[in-house]
file model-v6.txt (compact mmCIF, N, CA and C atoms and all ligand atoms)
# COMPACT_ATOMS: atom_id res chain seq x y z
N MET A 10 2.46 16.11 9.70
CA MET A 10 3.31 14.96 9.35
C MET A 10 4.40 15.41 8.38
N PRO A 11 5.63 15.41 8.82
CA PRO A 11 6.70 15.85 7.92
C PRO A 11 6.89 14.88 6.78
N ARG A 12 7.24 15.40 5.63
CA ARG A 12 7.50 14.56 4.48
C ARG A 12 9.00 14.30 4.46
N TYR A 13 9.36 13.01 4.61
CA TYR A 13 10.77 12.67 4.59
C TYR A 13 11.24 12.59 3.14
N SER A 14 12.40 13.11 2.86
CA SER A 14 12.95 12.90 1.53
C SER A 14 13.58 11.51 1.51
N THR A 15 13.41 10.82 0.42
CA THR A 15 13.89 9.45 0.36
C THR A 15 14.74 9.24 -0.87
N ARG A 16 15.36 8.09 -0.94
CA ARG A 16 16.22 7.78 -2.08
C ARG A 16 15.41 7.78 -3.38
N ILE A 17 14.11 7.50 -3.28
CA ILE A 17 13.27 7.50 -4.48
C ILE A 17 13.22 8.89 -5.11
N ASP A 18 13.22 9.92 -4.25
CA ASP A 18 13.17 11.29 -4.75
C ASP A 18 14.39 11.65 -5.58
N GLU A 19 15.49 10.98 -5.29
CA GLU A 19 16.74 11.31 -5.99
C GLU A 19 16.88 10.58 -7.32
N MET A 20 15.96 9.65 -7.58
CA MET A 20 16.08 8.88 -8.83
C MET A 20 15.62 9.70 -10.02
N ASN A 21 16.26 9.45 -11.16
CA ASN A 21 15.76 10.07 -12.38
C ASN A 21 14.60 9.23 -12.92
N GLN A 22 13.96 9.73 -13.96
CA GLN A 22 12.74 9.09 -14.46
C GLN A 22 12.98 7.64 -14.88
N LYS A 23 14.14 7.41 -15.50
CA LYS A 23 14.42 6.07 -15.99
C LYS A 23 14.61 5.11 -14.82
N GLU A 24 15.39 5.54 -13.82
CA GLU A 24 15.62 4.70 -12.64
C GLU A 24 14.30 4.40 -11.93
N LYS A 25 13.46 5.41 -11.86
CA LYS A 25 12.19 5.23 -11.17
C LYS A 25 11.28 4.27 -11.95
N ALA A 26 11.29 4.41 -13.27
CA ALA A 26 10.48 3.51 -14.09
C ALA A 26 10.95 2.07 -13.94
N GLN A 27 12.28 1.88 -13.87
CA GLN A 27 12.81 0.53 -13.70
C GLN A 27 12.45 -0.02 -12.32
N LEU A 28 12.52 0.86 -11.33
CA LEU A 28 12.16 0.43 -9.97
C LEU A 28 10.69 0.02 -9.93
N GLU A 29 9.82 0.80 -10.56
CA GLU A 29 8.39 0.46 -10.58
C GLU A 29 8.17 -0.90 -11.20
N GLU A 30 8.90 -1.18 -12.27
CA GLU A 30 8.74 -2.48 -12.93
C GLU A 30 9.21 -3.62 -12.03
N ARG A 31 10.34 -3.41 -11.34
CA ARG A 31 10.84 -4.45 -10.42
C ARG A 31 9.85 -4.71 -9.28
N LEU A 32 9.35 -3.62 -8.70
CA LEU A 32 8.42 -3.77 -7.57
C LEU A 32 7.15 -4.48 -8.03
N LEU A 33 6.65 -4.09 -9.21
CA LEU A 33 5.41 -4.68 -9.71
C LEU A 33 5.61 -6.18 -9.97
N LYS A 34 6.75 -6.52 -10.51
CA LYS A 34 7.04 -7.93 -10.78
C LYS A 34 7.11 -8.71 -9.46
N PHE A 35 7.80 -8.13 -8.50
CA PHE A 35 7.94 -8.76 -7.18
C PHE A 35 6.58 -8.94 -6.52
N GLN A 36 5.65 -8.01 -6.76
CA GLN A 36 4.32 -8.07 -6.16
C GLN A 36 3.35 -8.91 -7.00
N GLY A 37 3.86 -9.55 -8.04
CA GLY A 37 2.99 -10.39 -8.86
C GLY A 37 2.02 -9.60 -9.72
N GLY A 38 2.36 -8.34 -10.03
CA GLY A 38 1.55 -7.55 -10.94
C GLY A 38 0.38 -6.83 -10.29
N ILE A 39 0.30 -6.92 -8.96
CA ILE A 39 -0.86 -6.30 -8.30
C ILE A 39 -0.43 -5.21 -7.33
N CYS A 40 -1.38 -4.35 -7.03
CA CYS A 40 -1.20 -3.26 -6.06
C CYS A 40 -0.96 -3.85 -4.67
N PHE A 41 -0.01 -3.28 -3.95
CA PHE A 41 0.30 -3.80 -2.61
C PHE A 41 -0.91 -3.68 -1.68
N LEU A 42 -1.74 -2.67 -1.89
CA LEU A 42 -2.86 -2.44 -0.97
C LEU A 42 -4.15 -3.15 -1.40
N CYS A 43 -4.67 -2.81 -2.57
CA CYS A 43 -5.98 -3.35 -2.95
C CYS A 43 -5.87 -4.73 -3.60
N GLU A 44 -4.67 -5.11 -4.00
CA GLU A 44 -4.41 -6.42 -4.60
C GLU A 44 -5.13 -6.61 -5.93
N HIS A 45 -5.41 -5.50 -6.61
CA HIS A 45 -5.89 -5.56 -7.98
C HIS A 45 -4.74 -5.20 -8.91
N GLU A 46 -4.93 -5.55 -10.17
CA GLU A 46 -3.87 -5.38 -11.15
C GLU A 46 -3.44 -3.91 -11.30
N ILE A 47 -2.15 -3.71 -11.48
CA ILE A 47 -1.63 -2.38 -11.83
C ILE A 47 -1.14 -2.43 -13.26
N LYS A 48 -1.61 -1.47 -14.06
CA LYS A 48 -1.10 -1.31 -15.42
C LYS A 48 -0.25 -0.05 -15.43
N LEU A 49 1.06 -0.23 -15.50
CA LEU A 49 1.97 0.92 -15.37
C LEU A 49 1.72 1.98 -16.43
N GLU A 50 1.31 1.54 -17.62
CA GLU A 50 1.14 2.52 -18.70
C GLU A 50 -0.16 3.30 -18.54
N ALA A 51 -1.08 2.79 -17.75
CA ALA A 51 -2.40 3.43 -17.66
C ALA A 51 -2.71 3.99 -16.27
N ASP A 52 -2.23 3.33 -15.23
CA ASP A 52 -2.64 3.71 -13.87
C ASP A 52 -1.68 4.72 -13.25
N GLU A 53 -2.24 5.60 -12.44
CA GLU A 53 -1.41 6.49 -11.62
C GLU A 53 -0.91 5.69 -10.43
N THR A 54 0.40 5.66 -10.25
CA THR A 54 0.96 4.85 -9.17
C THR A 54 1.90 5.69 -8.30
N GLU A 55 2.14 5.16 -7.11
CA GLU A 55 3.10 5.76 -6.20
C GLU A 55 3.90 4.66 -5.53
N ILE A 56 5.11 5.01 -5.16
CA ILE A 56 5.92 4.09 -4.36
C ILE A 56 5.91 4.62 -2.94
N ASP A 57 5.59 3.76 -1.99
CA ASP A 57 5.55 4.19 -0.60
C ASP A 57 6.31 3.19 0.26
N HIS A 58 6.68 3.63 1.46
CA HIS A 58 7.36 2.75 2.40
C HIS A 58 6.35 1.86 3.10
N ILE A 59 6.65 0.57 3.20
CA ILE A 59 5.74 -0.36 3.89
C ILE A 59 5.73 -0.01 5.38
N VAL A 60 6.90 0.00 5.98
CA VAL A 60 7.02 0.54 7.34
C VAL A 60 7.52 1.97 7.20
N PRO A 61 6.73 2.94 7.68
CA PRO A 61 7.11 4.35 7.48
C PRO A 61 8.50 4.65 8.04
N ILE A 62 9.20 5.55 7.38
CA ILE A 62 10.51 5.98 7.88
C ILE A 62 10.37 6.52 9.31
N ALA A 63 9.26 7.21 9.56
CA ALA A 63 9.03 7.78 10.89
C ALA A 63 8.96 6.70 11.97
N ASP A 64 8.61 5.49 11.56
CA ASP A 64 8.54 4.37 12.51
C ASP A 64 9.79 3.50 12.45
N GLY A 65 10.83 3.99 11.81
CA GLY A 65 12.08 3.25 11.77
C GLY A 65 12.24 2.35 10.55
N GLY A 66 11.32 2.45 9.60
CA GLY A 66 11.44 1.63 8.39
C GLY A 66 12.64 2.07 7.57
N PRO A 67 13.35 1.11 6.97
CA PRO A 67 14.51 1.48 6.16
C PRO A 67 14.11 2.10 4.82
N ASP A 68 14.94 2.98 4.32
CA ASP A 68 14.70 3.60 3.02
C ASP A 68 15.40 2.78 1.96
N GLU A 69 14.90 1.59 1.73
CA GLU A 69 15.51 0.71 0.74
C GLU A 69 14.44 -0.14 0.06
N GLU A 70 14.85 -0.77 -1.02
CA GLU A 70 13.88 -1.41 -1.91
C GLU A 70 13.01 -2.46 -1.21
N GLY A 71 13.59 -3.17 -0.25
CA GLY A 71 12.82 -4.19 0.47
C GLY A 71 11.68 -3.61 1.28
N ASN A 72 11.71 -2.32 1.50
CA ASN A 72 10.65 -1.66 2.27
C ASN A 72 9.80 -0.75 1.41
N TRP A 73 9.92 -0.89 0.09
CA TRP A 73 9.13 -0.07 -0.82
C TRP A 73 8.04 -0.91 -1.45
N ALA A 74 6.91 -0.29 -1.68
CA ALA A 74 5.81 -0.99 -2.33
C ALA A 74 5.18 -0.09 -3.38
N LEU A 75 4.69 -0.71 -4.45
CA LEU A 75 4.02 0.03 -5.52
C LEU A 75 2.51 -0.04 -5.31
N LEU A 76 1.89 1.11 -5.36
CA LEU A 76 0.45 1.21 -5.10
C LEU A 76 -0.22 2.07 -6.15
N HIS A 77 -1.53 1.87 -6.32
CA HIS A 77 -2.32 2.87 -7.04
C HIS A 77 -2.28 4.17 -6.22
N SER A 78 -2.18 5.29 -6.88
CA SER A 78 -2.23 6.57 -6.15
C SER A 78 -3.52 6.68 -5.36
N SER A 79 -4.62 6.21 -5.96
CA SER A 79 -5.92 6.31 -5.28
C SER A 79 -5.93 5.47 -4.01
N CYS A 80 -5.28 4.31 -4.04
CA CYS A 80 -5.21 3.46 -2.84
C CYS A 80 -4.36 4.13 -1.77
N ASN A 81 -3.25 4.74 -2.20
CA ASN A 81 -2.37 5.39 -1.24
C ASN A 81 -3.09 6.54 -0.54
N SER A 82 -3.95 7.24 -1.27
CA SER A 82 -4.61 8.40 -0.67
C SER A 82 -5.75 7.99 0.26
N LYS A 83 -6.31 6.77 0.08
CA LYS A 83 -7.42 6.40 0.96
C LYS A 83 -7.02 5.38 2.03
N LYS A 84 -5.73 5.08 2.12
CA LYS A 84 -5.30 4.10 3.13
C LYS A 84 -5.63 4.61 4.54
N ARG A 85 -5.97 3.66 5.43
CA ARG A 85 -6.40 4.05 6.77
C ARG A 85 -5.29 3.90 7.81
N ALA A 86 -4.09 3.51 7.39
CA ALA A 86 -2.96 3.42 8.31
C ALA A 86 -1.70 3.76 7.54
N LYS A 87 -0.74 4.34 8.22
CA LYS A 87 0.50 4.71 7.56
C LYS A 87 1.34 3.47 7.27
N ASN A 88 1.27 2.49 8.18
CA ASN A 88 1.97 1.22 7.93
C ASN A 88 1.18 0.44 6.88
N LEU A 89 1.84 0.11 5.77
CA LEU A 89 1.10 -0.46 4.64
C LEU A 89 0.61 -1.88 4.92
N ASN A 90 1.32 -2.63 5.77
CA ASN A 90 0.82 -3.96 6.10
C ASN A 90 -0.51 -3.86 6.83
N LEU A 91 -0.57 -2.93 7.77
CA LEU A 91 -1.82 -2.70 8.50
C LEU A 91 -2.89 -2.13 7.56
N ALA A 92 -2.49 -1.20 6.71
CA ALA A 92 -3.44 -0.59 5.77
C ALA A 92 -4.04 -1.65 4.84
N LYS A 93 -3.20 -2.64 4.46
CA LYS A 93 -3.70 -3.69 3.58
C LYS A 93 -4.76 -4.54 4.29
N VAL A 94 -4.48 -4.88 5.54
CA VAL A 94 -5.45 -5.68 6.30
C VAL A 94 -6.77 -4.91 6.45
N LEU A 95 -6.66 -3.63 6.75
CA LEU A 95 -7.86 -2.81 6.91
C LEU A 95 -8.63 -2.72 5.60
N MET A 96 -7.91 -2.63 4.48
CA MET A 96 -8.58 -2.53 3.19
C MET A 96 -9.30 -3.84 2.85
N ARG A 97 -8.64 -4.97 3.16
CA ARG A 97 -9.29 -6.28 2.95
C ARG A 97 -10.55 -6.37 3.79
N TRP A 98 -10.44 -5.94 5.03
CA TRP A 98 -11.56 -5.98 5.97
C TRP A 98 -12.73 -5.14 5.45
N ASP A 99 -12.42 -3.91 5.00
CA ASP A 99 -13.45 -3.03 4.45
C ASP A 99 -14.14 -3.69 3.26
N SER A 100 -13.32 -4.31 2.40
CA SER A 100 -13.87 -4.92 1.20
C SER A 100 -14.80 -6.08 1.55
N LEU A 101 -14.40 -6.89 2.53
CA LEU A 101 -15.25 -8.00 2.95
C LEU A 101 -16.53 -7.49 3.59
N ARG A 102 -16.40 -6.42 4.33
CA ARG A 102 -17.59 -5.86 4.98
C ARG A 102 -18.56 -5.30 3.96
N GLU A 103 -18.00 -4.64 2.92
CA GLU A 103 -18.86 -4.11 1.86
C GLU A 103 -19.63 -5.23 1.18
N LYS A 104 -18.97 -6.39 1.05
CA LYS A 104 -19.63 -7.52 0.40
C LYS A 104 -20.55 -8.26 1.36
N GLY A 105 -20.55 -7.87 2.62
CA GLY A 105 -21.40 -8.52 3.60
C GLY A 105 -20.85 -9.85 4.09
N VAL A 106 -19.58 -10.14 3.78
CA VAL A 106 -18.98 -11.41 4.21
C VAL A 106 -18.67 -11.39 5.70
N VAL A 107 -18.22 -10.23 6.17
CA VAL A 107 -17.84 -10.09 7.57
C VAL A 107 -18.87 -9.22 8.27
N PRO A 108 -19.39 -9.66 9.39
CA PRO A 108 -20.36 -8.83 10.09
C PRO A 108 -19.70 -7.60 10.69
N LEU A 109 -20.50 -6.65 11.05
CA LEU A 109 -19.96 -5.44 11.66
C LEU A 109 -19.23 -5.79 12.94
N LEU A 110 -18.19 -5.06 13.22
CA LEU A 110 -17.37 -5.31 14.40
C LEU A 110 -18.20 -5.29 15.67
N VAL A 111 -19.19 -4.43 15.71
CA VAL A 111 -19.99 -4.29 16.93
C VAL A 111 -20.75 -5.60 17.21
N GLU A 112 -21.14 -6.32 16.17
CA GLU A 112 -21.83 -7.59 16.37
C GLU A 112 -20.89 -8.66 16.94
N ILE A 113 -19.63 -8.60 16.53
CA ILE A 113 -18.65 -9.53 17.08
C ILE A 113 -18.42 -9.23 18.56
N GLN A 114 -18.32 -7.95 18.86
CA GLN A 114 -18.09 -7.57 20.25
C GLN A 114 -19.27 -7.96 21.14
N ASP A 115 -20.46 -7.98 20.58
CA ASP A 115 -21.66 -8.30 21.36
C ASP A 115 -21.65 -9.71 21.94
N VAL A 116 -20.95 -10.63 21.30
CA VAL A 116 -20.98 -12.01 21.80
C VAL A 116 -19.94 -12.26 22.89
N SER A 117 -19.05 -11.30 23.13
CA SER A 117 -18.05 -11.52 24.18
C SER A 117 -18.70 -11.31 25.56
N PRO A 118 -18.22 -12.03 26.57
CA PRO A 118 -18.84 -11.95 27.89
C PRO A 118 -18.71 -10.58 28.53
ZN ZN B 201 -4.69 -0.43 -5.46
call {"tool": "encode", "arguments": {"input": "model-v6.txt", "output": "structure tokens"}}
result
Amino acid sequence: MPRYSTRIDEMNQKEKAQLEERLLKFQGGICFLCEHEIKLEADETEIDHIVPIADGGPDEEGNWALLHSSCNSKKRAKNLNLAKVLMRWDSLREKGVVPLLVEIQDVSP
């Protein structure tokens, strides 16, 4: 998987810090993926494209999301919208709220 260079790479530290604050505010203070709080001063974070550039996503702020680095590394899809749904699903399954997929498939004709 080639690593695309993006406009974020060209930002200096101050610009990047301001961008992180804007994204976090826009996201209501939570990680785009796990939807838990992000503390910029304490947490390791990354900015990633919601729709990957490889899939035609634009390299602009509307397509950027702030995530915990740990969430970004364990995401199960490159598209962050899909990765978020999968993460929610995993979390519900861990809590036993959602039955295993195989049980759902069993009831279909
Ligand atoms: Zn997270």
call {"tool": "residues_around", "arguments": {"input": "model-v6.txt", "residues": "range 58-61 of chain A", "least_positions_apart": "5", "cutoff": "8 Å", "atoms": "only C-alpha atoms", "output": "PyMOL selection string"}}
result
chain A and resi 66-68+72-74+87-90
call {"tool": "closest_atom_pairs", "arguments": {"input": "model-v6.txt", "of": "chain A", "to": "ligand ZN 201 (chain B)", "cutoff": "6 Å", "atoms": "all atoms listed in the file", "output": "Markdown table"}}
result
| residue | atom | partner | partner_atom | distance |
| --- | --- | --- | --- | --- |
| A:Cys40 | CA | B:ZN201 | ZN | 4.5 |
| A:Phe41 | N | B:ZN201 | ZN | 5.7 |
| A:Leu42 | C | B:ZN201 | ZN | 4.9 |
| A:Cys43 | N | B:ZN201 | ZN | 3.7 |
| A:Glu44 | N | B:ZN201 | ZN | 4.9 |
| A:His45 | N | B:ZN201 | ZN | 5.2 |
| A:Leu76 | C | B:ZN201 | ZN | 5.2 |
| A:His77 | N | B:ZN201 | ZN | 4.0 |
| A:Cys80 | CA | B:ZN201 | ZN | 4.7 |
call {"tool": "select_by_dssp", "arguments": {"input": "model-v6.txt", "residues": "chain A", "states": "helix (DSSP H, G or I)", "output": "VMD selection string"}}
result
chain A and resid 16 to 19 22 to 35 62 to 64 70 to 72 78 to 83 89 to 103 110 to 115
call {"tool": "write_last_selection", "arguments": {"input": "model-v6.txt", "atoms": "N, CA and C atoms", "output": "short mmCIF file (atom, residue, chain, number, x, y, z; two decimals), keeping the file's coordinate frame"}}
result
data_model
loop_
_atom_site.label_atom_id
_atom_site.label_comp_id
_atom_site.auth_asym_id
_atom_site.auth_seq_id
_atom_site.Cartn_x
_atom_site.Cartn_y
_atom_site.Cartn_z
N ARG A 16 15.36 8.09 -0.94
CA ARG A 16 16.22 7.78 -2.08
C ARG A 16 15.41 7.78 -3.38
N ILE A 17 14.11 7.50 -3.28
CA ILE A 17 13.27 7.50 -4.48
C ILE A 17 13.22 8.89 -5.11
N ASP A 18 13.22 9.92 -4.25
CA ASP A 18 13.17 11.29 -4.75
C ASP A 18 14.39 11.65 -5.58
N GLU A 19 15.49 10.98 -5.29
CA GLU A 19 16.74 11.31 -5.99
C GLU A 19 16.88 10.58 -7.32
N GLN A 22 13.96 9.73 -13.96
CA GLN A 22 12.74 9.09 -14.46
C GLN A 22 12.98 7.64 -14.88
N LYS A 23 14.14 7.41 -15.50
CA LYS A 23 14.42 6.07 -15.99
C LYS A 23 14.61 5.11 -14.82
N GLU A 24 15.39 5.54 -13.82
CA GLU A 24 15.62 4.70 -12.64
C GLU A 24 14.30 4.40 -11.93
N LYS A 25 13.46 5.41 -11.86
CA LYS A 25 12.19 5.23 -11.17
C LYS A 25 11.28 4.27 -11.95
N ALA A 26 11.29 4.41 -13.27
CA ALA A 26 10.48 3.51 -14.09
C ALA A 26 10.95 2.07 -13.94
N GLN A 27 12.28 1.88 -13.87
CA GLN A 27 12.81 0.53 -13.70
C GLN A 27 12.45 -0.02 -12.32
N LEU A 28 12.52 0.86 -11.33
CA LEU A 28 12.16 0.43 -9.97
C LEU A 28 10.69 0.02 -9.93
N GLU A 29 9.82 0.80 -10.56
CA GLU A 29 8.39 0.46 -10.58
C GLU A 29 8.17 -0.90 -11.20
N GLU A 30 8.90 -1.18 -12.27
CA GLU A 30 8.74 -2.48 -12.93
C GLU A 30 9.21 -3.62 -12.03
N ARG A 31 10.34 -3.41 -11.34
CA ARG A 31 10.84 -4.45 -10.42
C ARG A 31 9.85 -4.71 -9.28
N LEU A 32 9.35 -3.62 -8.70
CA LEU A 32 8.42 -3.77 -7.57
C LEU A 32 7.15 -4.48 -8.03
N LEU A 33 6.65 -4.09 -9.21
CA LEU A 33 5.41 -4.68 -9.71
C LEU A 33 5.61 -6.18 -9.97
N LYS A 34 6.75 -6.52 -10.51
CA LYS A 34 7.04 -7.93 -10.78
C LYS A 34 7.11 -8.71 -9.46
N PHE A 35 7.80 -8.13 -8.50
CA PHE A 35 7.94 -8.76 -7.18
C PHE A 35 6.58 -8.94 -6.52
N ILE A 62 9.20 5.55 7.38
CA ILE A 62 10.51 5.98 7.88
C ILE A 62 10.37 6.52 9.31
N ALA A 63 9.26 7.21 9.56
CA ALA A 63 9.03 7.78 10.89
C ALA A 63 8.96 6.70 11.97
N ASP A 64 8.61 5.49 11.56
CA ASP A 64 8.54 4.37 12.51
C ASP A 64 9.79 3.50 12.45
N GLU A 70 14.85 -0.77 -1.02
CA GLU A 70 13.88 -1.41 -1.91
C GLU A 70 13.01 -2.46 -1.21
N GLY A 71 13.59 -3.17 -0.25
CA GLY A 71 12.82 -4.19 0.47
C GLY A 71 11.68 -3.61 1.28
N ASN A 72 11.71 -2.32 1.50
CA ASN A 72 10.65 -1.66 2.27
C ASN A 72 9.80 -0.75 1.41
N SER A 78 -2.18 5.29 -6.88
CA SER A 78 -2.23 6.57 -6.15
C SER A 78 -3.52 6.68 -5.36
N SER A 79 -4.62 6.21 -5.96
CA SER A 79 -5.92 6.31 -5.28
C SER A 79 -5.93 5.47 -4.01
N CYS A 80 -5.28 4.31 -4.04
CA CYS A 80 -5.21 3.46 -2.84
C CYS A 80 -4.36 4.13 -1.77
N ASN A 81 -3.25 4.74 -2.20
CA ASN A 81 -2.37 5.39 -1.24
C ASN A 81 -3.09 6.54 -0.54
N SER A 82 -3.95 7.24 -1.27
CA SER A 82 -4.61 8.40 -0.67
C SER A 82 -5.75 7.99 0.26
N LYS A 83 -6.31 6.77 0.08
CA LYS A 83 -7.42 6.40 0.96
C LYS A 83 -7.02 5.38 2.03
N LEU A 89 1.84 0.11 5.77
CA LEU A 89 1.10 -0.46 4.64
C LEU A 89 0.61 -1.88 4.92
N ASN A 90 1.32 -2.63 5.77
CA ASN A 90 0.82 -3.96 6.10
C ASN A 90 -0.51 -3.86 6.83
N LEU A 91 -0.57 -2.93 7.77
CA LEU A 91 -1.82 -2.70 8.50
C LEU A 91 -2.89 -2.13 7.56
N ALA A 92 -2.49 -1.20 6.71
CA ALA A 92 -3.44 -0.59 5.77
C ALA A 92 -4.04 -1.65 4.84
N LYS A 93 -3.20 -2.64 4.46
CA LYS A 93 -3.70 -3.69 3.58
C LYS A 93 -4.76 -4.54 4.29
N VAL A 94 -4.48 -4.88 5.54
CA VAL A 94 -5.45 -5.68 6.30
C VAL A 94 -6.77 -4.91 6.45
N LEU A 95 -6.66 -3.63 6.75
CA LEU A 95 -7.86 -2.81 6.91
C LEU A 95 -8.63 -2.72 5.60
N MET A 96 -7.91 -2.63 4.48
CA MET A 96 -8.58 -2.53 3.19
C MET A 96 -9.30 -3.84 2.85
N ARG A 97 -8.64 -4.97 3.16
CA ARG A 97 -9.29 -6.28 2.95
C ARG A 97 -10.55 -6.37 3.79
N TRP A 98 -10.44 -5.94 5.03
CA TRP A 98 -11.56 -5.98 5.97
C TRP A 98 -12.73 -5.14 5.45
N ASP A 99 -12.42 -3.91 5.00
CA ASP A 99 -13.45 -3.03 4.45
C ASP A 99 -14.14 -3.69 3.26
N SER A 100 -13.32 -4.31 2.40
CA SER A 100 -13.87 -4.92 1.20
C SER A 100 -14.80 -6.08 1.55
N LEU A 101 -14.40 -6.89 2.53
CA LEU A 101 -15.25 -8.00 2.95
C LEU A 101 -16.53 -7.49 3.59
N ARG A 102 -16.40 -6.42 4.33
CA ARG A 102 -17.59 -5.86 4.98
C ARG A 102 -18.56 -5.30 3.96
N GLU A 103 -18.00 -4.64 2.92
CA GLU A 103 -18.86 -4.11 1.86
C GLU A 103 -19.63 -5.23 1.18
N LEU A 110 -18.19 -5.06 13.22
CA LEU A 110 -17.37 -5.31 14.40
C LEU A 110 -18.20 -5.29 15.67
N VAL A 111 -19.19 -4.43 15.71
CA VAL A 111 -19.99 -4.29 16.93
C VAL A 111 -20.75 -5.60 17.21
N GLU A 112 -21.14 -6.32 16.17
CA GLU A 112 -21.83 -7.59 16.37
C GLU A 112 -20.89 -8.66 16.94
N ILE A 113 -19.63 -8.60 16.53
CA ILE A 113 -18.65 -9.53 17.08
C ILE A 113 -18.42 -9.23 18.56
N GLN A 114 -18.32 -7.95 18.86
CA GLN A 114 -18.09 -7.57 20.25
C GLN A 114 -19.27 -7.96 21.14
N ASP A 115 -20.46 -7.98 20.58
CA ASP A 115 -21.66 -8.30 21.36
C ASP A 115 -21.65 -9.71 21.94
#
call {"tool": "residues_near_point", "arguments": {"input": "model-v6.txt", "point": "(9.3, 5.9, -9.9)", "cutoff": "12 Å", "atoms": "only C-alpha atoms", "output": "CSV table (one decimal) with N, CA and C atoms, keeping the file's coordinate frame"}}
result
chain,number,residue,atom,x,y,z
A,15,THR,N,13.4,10.8,0.4
A,15,THR,CA,13.9,9.4,0.4
A,15,THR,C,14.7,9.2,-0.9
A,16,ARG,N,15.4,8.1,-0.9
A,16,ARG,CA,16.2,7.8,-2.1
A,16,ARG,C,15.4,7.8,-3.4
A,17,ILE,N,14.1,7.5,-3.3
A,17,ILE,CA,13.3,7.5,-4.5
A,17,ILE,C,13.2,8.9,-5.1
A,18,ASP,N,13.2,9.9,-4.2
A,18,ASP,CA,13.2,11.3,-4.8
A,18,ASP,C,14.4,11.6,-5.6
A,19,GLU,N,15.5,11.0,-5.3
A,19,GLU,CA,16.7,11.3,-6.0
A,19,GLU,C,16.9,10.6,-7.3
A,20,MET,N,16.0,9.6,-7.6
A,20,MET,CA,16.1,8.9,-8.8
A,20,MET,C,15.6,9.7,-10.0
A,21,ASN,N,16.3,9.4,-11.2
A,21,ASN,CA,15.8,10.1,-12.4
A,21,ASN,C,14.6,9.2,-12.9
A,22,GLN,N,14.0,9.7,-14.0
A,22,GLN,CA,12.7,9.1,-14.5
A,22,GLN,C,13.0,7.6,-14.9
A,23,LYS,N,14.1,7.4,-15.5
A,23,LYS,CA,14.4,6.1,-16.0
A,23,LYS,C,14.6,5.1,-14.8
A,24,GLU,N,15.4,5.5,-13.8
A,24,GLU,CA,15.6,4.7,-12.6
A,24,GLU,C,14.3,4.4,-11.9
A,25,LYS,N,13.5,5.4,-11.9
A,25,LYS,CA,12.2,5.2,-11.2
A,25,LYS,C,11.3,4.3,-12.0
A,26,ALA,N,11.3,4.4,-13.3
A,26,ALA,CA,10.5,3.5,-14.1
A,26,ALA,C,11.0,2.1,-13.9
A,27,GLN,N,12.3,1.9,-13.9
A,27,GLN,CA,12.8,0.5,-13.7
A,27,GLN,C,12.4,0.0,-12.3
A,28,LEU,N,12.5,0.9,-11.3
A,28,LEU,CA,12.2,0.4,-10.0
A,28,LEU,C,10.7,0.0,-9.9
A,29,GLU,N,9.8,0.8,-10.6
A,29,GLU,CA,8.4,0.5,-10.6
A,29,GLU,C,8.2,-0.9,-11.2
A,30,GLU,N,8.9,-1.2,-12.3
A,30,GLU,CA,8.7,-2.5,-12.9
A,30,GLU,C,9.2,-3.6,-12.0
A,31,ARG,N,10.3,-3.4,-11.3
A,31,ARG,CA,10.8,-4.4,-10.4
A,31,ARG,C,9.8,-4.7,-9.3
A,32,LEU,N,9.4,-3.6,-8.7
A,32,LEU,CA,8.4,-3.8,-7.6
A,32,LEU,C,7.2,-4.5,-8.0
A,33,LEU,N,6.6,-4.1,-9.2
A,33,LEU,CA,5.4,-4.7,-9.7
A,33,LEU,C,5.6,-6.2,-10.0
A,49,LEU,N,1.1,-0.2,-15.5
A,49,LEU,CA,2.0,0.9,-15.4
A,49,LEU,C,1.7,2.0,-16.4
A,53,GLU,N,-2.2,5.6,-12.4
A,53,GLU,CA,-1.4,6.5,-11.6
A,53,GLU,C,-0.9,5.7,-10.4
A,54,THR,N,0.4,5.7,-10.2
A,54,THR,CA,1.0,4.8,-9.2
A,54,THR,C,1.9,5.7,-8.3
A,55,GLU,N,2.1,5.2,-7.1
A,55,GLU,CA,3.1,5.8,-6.2
A,55,GLU,C,3.9,4.7,-5.5
A,56,ILE,N,5.1,5.0,-5.2
A,56,ILE,CA,5.9,4.1,-4.4
A,56,ILE,C,5.9,4.6,-2.9
A,57,ASP,N,5.6,3.8,-2.0
A,57,ASP,CA,5.6,4.2,-0.6
A,57,ASP,C,6.3,3.2,0.3
A,70,GLU,N,14.8,-0.8,-1.0
A,70,GLU,CA,13.9,-1.4,-1.9
A,70,GLU,C,13.0,-2.5,-1.2
A,73,TRP,N,9.9,-0.9,0.1
A,73,TRP,CA,9.1,-0.1,-0.8
A,73,TRP,C,8.0,-0.9,-1.4
A,74,ALA,N,6.9,-0.3,-1.7
A,74,ALA,CA,5.8,-1.0,-2.3
A,74,ALA,C,5.2,-0.1,-3.4
A,75,LEU,N,4.7,-0.7,-4.4
A,75,LEU,CA,4.0,0.0,-5.5
A,75,LEU,C,2.5,0.0,-5.3
A,76,LEU,N,1.9,1.1,-5.4
A,76,LEU,CA,0.4,1.2,-5.1
A,76,LEU,C,-0.2,2.1,-6.2
call {"tool": "axis_aligned_box", "arguments": {"input": "model-v6.txt", "around": "range 15-31 of chain A", "padding_each_side": "5 Å", "output": "AutoDock Vina command-line options"}}
result
--center_x 12.5 --center_y 3.5 --center_z -7.8 --size_x 18.7 --size_y 26.4 --size_z 26.4
call {"tool": "atom_distance", "arguments": {"input": "model-v6.txt", "atom1": "atom C of Ala63 in chain A", "atom2": "atom N of Lys34 in chain A"}}
result
26.2 Å
call {"tool": "atom_distance", "arguments": {"input": "model-v6.txt", "atom1": "atom N of Gly105 in chain A", "atom2": "CA of Asp52 in chain A"}}
result
27.0 Å
call {"tool": "atom_distance", "arguments": {"input": "model-v6.txt", "atom1": "CA of Ser78 in chain A", "atom2": "CA of Arg97 in chain A"}}
result
17.3 Å
